[in-house]
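Here is the structure we will look at, set down as structure tokens.
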Amino acid sequence: MTLALKQLTRQFTELAALDDVSLDIEPGEFIALVGPSGSGKTTLLRILAGLDYPDRGTVMLNGRDFLAANARERNVGLVFQHYALFRHLSVRENIAFGLRVRPRKRRPPRADIRTRVDDLLKRVQLDGLGDRYPSQLSGGQRQRVALARALAVEPEILLLDEPFGALDAQVRTALRRWLRELHEDLGLTTVFVTHDQEEALELADRLVVMNRGRIEQVGSPQEVYQAPATPFVCEFIGRTNKVALRRDGDAWRAGAWSIPGPGTAGSAVAYIRPEHLALAAADGGPGWDAQLRHIYLAGSVAHLDVHVAELDLSLEVDMASDQLGGLAPGALLRVAPLHGVAFADDCTRWAWGTGLA
Ligand SMILES: Nc1ncnc2c1ncn2[C@@H]1O[C@H](COP(=O)(O)OP(=O)(O)OP(=O)(O)O)[C@@H](O)[C@H]1O
């Protein structure tokens with residue numbers, strides 16, 4: 001039941017909202033669409049939902065034209081960021097709506113609808129609130145009702161656009177784990193739009209990173225994080241340090257540190273994750289002399305701001321808080337990149353260190 005998107009293009013203005021997007025979504029997959037505002041995520045979701053149509057391209061499901069089916073026939077569940085509930089219906093009635101409006105032949109008996117609504121209320125942790133009206137709920141509770149309503153019709157494909165955008169961090173974390181379990185329990189195929197990278201990295205089987213209507217990279221969270229395919233992905237997913245390199249014989253050099261690398265271009269940029277910078281006492285090994293400026297403690301992780309005078313560059317180094325020892329601002333250190341990827345001016349990409357591709 002692969003959902004095969006081929007060369008989708010959607011043009012509202014001169015700049016295409018979707019530009020030649022192709023993607024195969026496998027049954028049971030949890031896909032996260034990530035990208036900056038305006039990159040085309042919602043447009044893609046709306047096309048899958050049957051709320052919009054591409055100017056070019058196809059979507060096939062089991063070899064059948066998915067775009068030819070109307071929104072109801074597609075068997076998708078939808079939750080948008082501001083997906084209004086019916087204000088004049090109670091929570092129960094909202095959840096039951098999709099079942100009640102079915103043609104008589106496909107409509108479950110009343111008692112079954114009641115049982116299913118009870119079950120969904122429990123699943124979204126709103127049992128006891130079924131008789132309230134949307135105006136009597138918090139924003140987060142309303143989104144959970146919207147989710148329950150989308151699930152009531154037992155969709156095969158669940159489409160979610162920033163469903164937890166309105167929730168506070170703790171509830172959000174709890175709900176996303178719950179959503180992942182639900183996705184597995186119900187055997188759903190889920191496409192999830194989020195601005196929150198951490199959410200995407202934690203939840204998804206595969207991330208689709210979008211930029212200006214195009215797909216920059218598709219891969220598992222680990223692939224996208226550890227082996228970003230483009231400079232955009234390096235900067236958009238996770239945090240990274242950027243170090244300018246120049247060609248030096250067979251190597252690429254930044255001050256006292258150099259790495260081998262291909263290409264004939266004159267300059268390049270290395271992208272190094274904060275946790276891939278190692279700190280050591282100043283012993284003259286490969287790396288840079290640096291001074292520790294600040295330590296920002298964030299629970300189990302410490303973010304260190306170190307300054308490399310020879311590059312006139314501040315770098316962010318992450319380490320486990322319990323490894324800090326006696327480190328204090330002002331300390332003189334040696335900083336050495338362990339892994340990273342680099343892109344030369346002519347777009348040649350290479351990785352160094354272990355565990356990267
Ligand atoms: N109905 C429309 N008419 C004109 N332009 C539109 C329309 N819908 C979307 N766009 C434009 O298409 C581009 C992609 O929009 P889209 O909503 O898909 O982005 P997004 O990645 O979902 O952004 P966000 O994260 O802010 O929701 C934007 O430049 C947007 O302004």
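Residue numbering restarts at 1 in every chain; chains get A, B, ... in the order shown in the structure tokens, and ligands count up from 1 in that same order.
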
| Exercise: region 259-273 of chain A partners within 10 Å, only C-alpha atoms, chain neighbours under 5 positions left out, as a ChimeraX atom specification | /A:225-226,228,231,234-235,238-254,286,315-318,337-353

Write the residues of the selection above to a file with C-alpha atoms, as a PDB file, in the first residue's frame.
```
ATOM      1  CA  TYR A 225      21.360  14.025  11.899  1.00  0.00           C
ATOM      2  CA  GLN A 226      24.626  12.150  11.434  1.00  0.00           C
ATOM      3  CA  PRO A 228      23.279  15.617   6.504  1.00  0.00           C
ATOM      4  CA  PRO A 231      24.502  22.621   3.982  1.00  0.00           C
ATOM      5  CA  CYS A 234      23.364  20.744   8.475  1.00  0.00           C
ATOM      6  CA  GLU A 235      22.101  24.097   9.644  1.00  0.00           C
ATOM      7  CA  GLY A 238      20.272  20.109  15.217  1.00  0.00           C
ATOM      8  CA  ARG A 239      22.947  22.626  16.132  1.00  0.00           C
ATOM      9  CA  THR A 240      26.212  22.922  14.299  1.00  0.00           C
ATOM     10  CA  ASN A 241      29.481  24.851  14.210  1.00  0.00           C
ATOM     11  CA  LYS A 242      30.638  26.262  10.890  1.00  0.00           C
ATOM     12  CA  VAL A 243      34.352  26.462  10.209  1.00  0.00           C
ATOM     13  CA  ALA A 244      35.749  27.960   7.007  1.00  0.00           C
ATOM     14  CA  LEU A 245      38.395  25.786   5.293  1.00  0.00           C
ATOM     15  CA  ARG A 246      40.894  26.603   2.597  1.00  0.00           C
ATOM     16  CA  ARG A 247      42.731  24.287   0.252  1.00  0.00           C
ATOM     17  CA  ASP A 248      46.278  23.500   1.396  1.00  0.00           C
ATOM     18  CA  GLY A 249      48.015  20.979  -0.910  1.00  0.00           C
ATOM     19  CA  ASP A 250      46.086  17.695  -0.561  1.00  0.00           C
ATOM     20  CA  ALA A 251      44.374  18.832   2.596  1.00  0.00           C
ATOM     21  CA  TRP A 252      41.828  21.338   3.806  1.00  0.00           C
ATOM     22  CA  ARG A 253      42.989  23.633   6.576  1.00  0.00           C
ATOM     23  CA  ALA A 254      41.547  25.903   9.242  1.00  0.00           C
ATOM     24  CA  PRO A 286      45.902  18.530  16.231  1.00  0.00           C
ATOM     25  CA  LEU A 315      32.491  27.361  18.934  1.00  0.00           C
ATOM     26  CA  GLU A 316      29.801  25.548  20.837  1.00  0.00           C
ATOM     27  CA  VAL A 317      30.943  22.364  22.547  1.00  0.00           C
ATOM     28  CA  ASP A 318      28.533  19.969  24.257  1.00  0.00           C
ATOM     29  CA  PRO A 337      36.823  18.131  15.822  1.00  0.00           C
ATOM     30  CA  LEU A 338      36.147  14.380  15.864  1.00  0.00           C
ATOM     31  CA  HIS A 339      33.602  14.084  13.059  1.00  0.00           C
ATOM     32  CA  GLY A 340      31.943  16.328  10.582  1.00  0.00           C
ATOM     33  CA  VAL A 341      30.868  16.941   7.034  1.00  0.00           C
ATOM     34  CA  ALA A 342      32.159  19.574   4.693  1.00  0.00           C
ATOM     35  CA  PHE A 343      31.003  21.157   1.473  1.00  0.00           C
ATOM     36  CA  ALA A 344      33.383  22.793  -0.958  1.00  0.00           C
ATOM     37  CA  ASP A 345      32.433  25.806  -3.052  1.00  0.00           C
ATOM     38  CA  ASP A 346      31.895  23.505  -6.018  1.00  0.00           C
ATOM     39  CA  CYS A 347      29.359  21.514  -3.869  1.00  0.00           C
ATOM     40  CA  THR A 348      31.675  18.501  -3.367  1.00  0.00           C
ATOM     41  CA  ARG A 349      30.623  16.890  -0.094  1.00  0.00           C
ATOM     42  CA  TRP A 350      32.755  14.727   2.140  1.00  0.00           C
ATOM     43  CA  ALA A 351      32.731  13.455   5.684  1.00  0.00           C
ATOM     44  CA  TRP A 352      35.567  12.695   8.027  1.00  0.00           C
ATOM     45  CA  GLY A 353      35.829  10.857  11.314  1.00  0.00           C
TER      46      GLY A 353
END
```

Using only C-alpha atoms and all ligand atoms, which residues of chain A come within 12 Å of ligand 1, and what is the closest atom pair for each, with the distance in Å to one decimal? Give it as CSV, sorted by chain and residue number.
```
residue,atom,partner,partner_atom_place_in_ligand_line,distance
A:Thr9,CA,ligand 1,12 (O),11.1
A:Arg10,CA,ligand 1,12 (O),8.2
A:Gln11,CA,ligand 1,12 (O),7.5
A:Phe12,CA,ligand 1,4 (C),4.6
A:Thr13,CA,ligand 1,5 (N),6.2
A:Glu14,CA,ligand 1,5 (N),9.6
A:Leu15,CA,ligand 1,29 (O),7.2
A:Ala16,CA,ligand 1,12 (O),6.9
A:Ala17,CA,ligand 1,12 (O),4.0
A:Leu18,CA,ligand 1,14 (C),7.1
A:Asp19,CA,ligand 1,14 (C),10.3
A:Leu33,CA,ligand 1,21 (O),8.6
A:Val34,CA,ligand 1,21 (O),7.7
A:Gly35,CA,ligand 1,21 (O),6.1
A:Pro36,CA,ligand 1,25 (O),5.8
A:Ser37,CA,ligand 1,26 (O),3.5
A:Gly38,CA,ligand 1,19 (O),3.3
A:Ser39,CA,ligand 1,21 (O),3.7
A:Gly40,CA,ligand 1,18 (O),3.2
A:Lys41,CA,ligand 1,21 (O),3.9
A:Thr42,CA,ligand 1,22 (O),3.5
A:Thr43,CA,ligand 1,18 (O),3.7
A:Leu44,CA,ligand 1,18 (O),6.5
A:Leu45,CA,ligand 1,18 (O),8.0
A:Arg46,CA,ligand 1,18 (O),8.3
A:Ile47,CA,ligand 1,18 (O),9.9
A:Leu51,CA,ligand 1,1 (N),10.7
A:Asp52,CA,ligand 1,1 (N),8.9
A:Tyr53,CA,ligand 1,1 (N),11.0
A:Pro54,CA,ligand 1,8 (N),11.6
A:Phe80,CA,ligand 1,27 (O),10.1
A:Gln81,CA,ligand 1,27 (O),9.1
A:His82,CA,ligand 1,27 (O),11.1
A:Leu160,CA,ligand 1,22 (O),11.4
A:Asp161,CA,ligand 1,27 (O),8.1
A:Glu162,CA,ligand 1,27 (O),8.4
A:Pro163,CA,ligand 1,27 (O),11.7
A:Gly165,CA,ligand 1,25 (O),11.0
A:Phe192,CA,ligand 1,22 (O),11.2
A:Val193,CA,ligand 1,22 (O),7.7
A:Thr194,CA,ligand 1,25 (O),7.5
A:His195,CA,ligand 1,25 (O),6.6
A:Asp196,CA,ligand 1,25 (O),10.3
A:Val208,CA,ligand 1,21 (O),11.7
A:Val209,CA,ligand 1,21 (O),10.2
A:Met210,CA,ligand 1,21 (O),7.6
A:Asn211,CA,ligand 1,21 (O),8.0
A:Arg212,CA,ligand 1,14 (C),7.6
A:Gly213,CA,ligand 1,14 (C),6.8
A:Arg214,CA,ligand 1,21 (O),10.4
A:Ile215,CA,ligand 1,21 (O),11.4
```

| said: I need the residues in region 192-253 of chain A that are strand (DSSP E or B) according to DSSP; give them as a list in words. | reply: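 DSSP-assigned strand (DSSP E or B) residues in region 192-253 of chain A: Phe192, Val193, Arg206, Leu207, Val208, Val209, Met210, Asn211, Arg214, Ile215, Glu216, Gln217, Val218, Gly219, Asn241, Lys242, Val243, Ala244, Leu245, Arg246, Arg247, Asp248, Ala251, Trp252 and Arg253 of chain A.
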
| query | What's the 10 Å shell around Pro109 (chain A), counting only C-alpha atoms, without same-chain residues fewer than 5 positions away, as a PyMOL selection string? | reply | chain A and resi 99-100+104+114

| request: Within 12 Å of Arg142 (chain A), counting only C-alpha atoms, which residues show up once you throw out same-chain ones fewer than 2 positions away? Write them as an MDAnalysis selection string, please. | output: chainID A and resid 79:87 90:92 94:95 121 124:126 129:130 132:140 144:149 163:167

| field | One-decimal distance in Å that lies between CA of Leu67 (chain A) and CA of Leu23 (chain A) | value |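 Taking CA of Leu23 (chain A) as the start and CA of Leu67 (chain A) as the end point, the length is 15.0 Å.
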
| task | Return the single residue from A:Gly325, A:Gly77, A:Gly63, A:Gly50 that is closest to Val191 (chain A), with distances computed using only C-alpha atoms. | result |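 Ranking A:Gly325, A:Gly77, A:Gly63, A:Gly50 by distance to Val191 (chain A), first place goes to A:Gly77.
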